[in-house]
Amino acid sequence: MTRAMYPGTFDPFHLGHFDIASRASAIFDELIVAINDNPVKNPLFEPHERIEMAEAALSHLNNVSVITYQGLTVEFARQAEVDVMVRGLRNVADYQFEHQIGWANRHMAPNIELCCLFCSPEYAYISATIVKEVASLNGNYSSWVMPHIE
């Protein structure tokens with residue numbers, strides 16, 4: 001049985017996140033969507049709100065659980081006894097970031113593999129930062145999030 005973890009801030013949980021989580025759940029026996037509770041990032045939504053968003057979006061997937069964690073992601077992954085960390089890639093900048101972090105994580109936890117999934121093309125431009133910015137300016141962001149988030 002392969003246990004995977006898809007970590008992130010998910011502030012808010014948008015369709016790009018849904019895409020990666022849904023596809024990862026089809027690949028791995030168990031998927032943990034791990035929401036990082038890092039107040040330094042100044043999240044717009046509280047951890048419990050982000051859990052509710054992700055759980056509502058992923059409730060139809062029986063092998064997915066949603067939890068929060070604090071601290072170093074790779075340490076939490078080790079404690080959760082995951083085999084694989086899943087990351088989504090939209091562009092070259094995402095790849096460069098994940099490449100660097102991936103090597104650091106590999107050094108700290110050599111038994112945890114990294115699986116990068118390219119996002120579906122229709123979500124390549126969506127980021128939580130863009131969703132929050134458009135929402136703050138009263139723009140229409142409804143096509144980027146699940147209906148229960150609007």
# chains A, B, ... in the order shown; residues from 1 in each chain; ligands from 1
$ closest_atom_pairs --of "stretch 93-149 of chain A" --to "stretch 41-54 of chain A" --cutoff "9 Å" --atoms "only C-alpha atoms" --output "JSON lines"
{"residue": "A:Lys132", "atom": "CA", "partner": "A:Leu44", "partner_atom": "CA", "distance": 8.1}
{"residue": "A:Met146", "atom": "CA", "partner": "A:Met53", "partner_atom": "CA", "distance": 8.3}
{"residue": "A:His148", "atom": "CA", "partner": "A:Met53", "partner_atom": "CA", "distance": 7.5}
{"residue": "A:Ile149", "atom": "CA", "partner": "A:Met53", "partner_atom": "CA", "distance": 6.7}
$ residues_around --residues "stretch 26-34 of chain A" --least-positions-apart "5" --cutoff "7 Å" --atoms "only C-alpha atoms" --output "MDAnalysis selection string"
chainID A and resid 1:8 63:69
$ write_last_selection --atoms "N, CA and C atoms" --output "compact mmCIF listing (two decimals), in the first residue's frame"
# COMPACT_ATOMS: atom_id res chain seq x y z
N MET A 1 0.85 -1.18 0.00
CA MET A 1 0.00 0.00 0.00
C MET A 1 0.89 1.24 0.00
N THR A 2 0.63 2.15 -0.91
CA THR A 2 1.43 3.37 -1.02
C THR A 2 0.66 4.54 -0.44
N ARG A 3 1.29 5.17 0.53
CA ARG A 3 0.69 6.31 1.22
C ARG A 3 1.38 7.59 0.73
N ALA A 4 0.58 8.52 0.22
CA ALA A 4 1.13 9.76 -0.32
C ALA A 4 0.58 10.95 0.45
N MET A 5 1.32 12.04 0.38
CA MET A 5 0.90 13.29 1.02
C MET A 5 1.03 14.42 0.02
N TYR A 6 -0.02 15.21 -0.07
CA TYR A 6 -0.03 16.41 -0.92
C TYR A 6 -0.07 17.61 0.02
N PRO A 7 1.10 18.19 0.33
CA PRO A 7 1.15 19.31 1.27
C PRO A 7 0.98 20.66 0.58
N GLY A 8 0.49 21.62 1.33
CA GLY A 8 0.37 22.98 0.82
C GLY A 8 -0.33 23.88 1.80
N ASN A 63 -10.32 7.53 -0.51
CA ASN A 63 -8.96 7.29 -0.03
C ASN A 63 -8.22 8.58 0.33
N VAL A 64 -8.96 9.68 0.48
CA VAL A 64 -8.34 10.98 0.78
C VAL A 64 -8.75 11.44 2.17
N SER A 65 -7.77 11.89 2.94
CA SER A 65 -8.04 12.54 4.23
C SER A 65 -7.40 13.92 4.21
N VAL A 66 -7.95 14.83 4.99
CA VAL A 66 -7.45 16.20 5.05
C VAL A 66 -7.09 16.50 6.50
N ILE A 67 -5.87 16.98 6.70
CA ILE A 67 -5.40 17.30 8.05
C ILE A 67 -4.56 18.58 8.00
N THR A 68 -4.30 19.15 9.17
CA THR A 68 -3.37 20.29 9.25
C THR A 68 -2.11 19.84 9.97
N TYR A 69 -1.06 20.60 9.74
CA TYR A 69 0.19 20.34 10.44
C TYR A 69 0.94 21.66 10.58
$ residues_around --residues "A:Phe118" --least-positions-apart "4" --cutoff "7 Å" --atoms "only C-alpha atoms" --output "number ranges by chain"
A: 88-90
$ select_by_dssp --residues "chain A" --states "strand (DSSP E or B)" --output "number ranges by chain"
A: 3-8, 14, 30-36, 64-69, 84-89, 113-118, 145
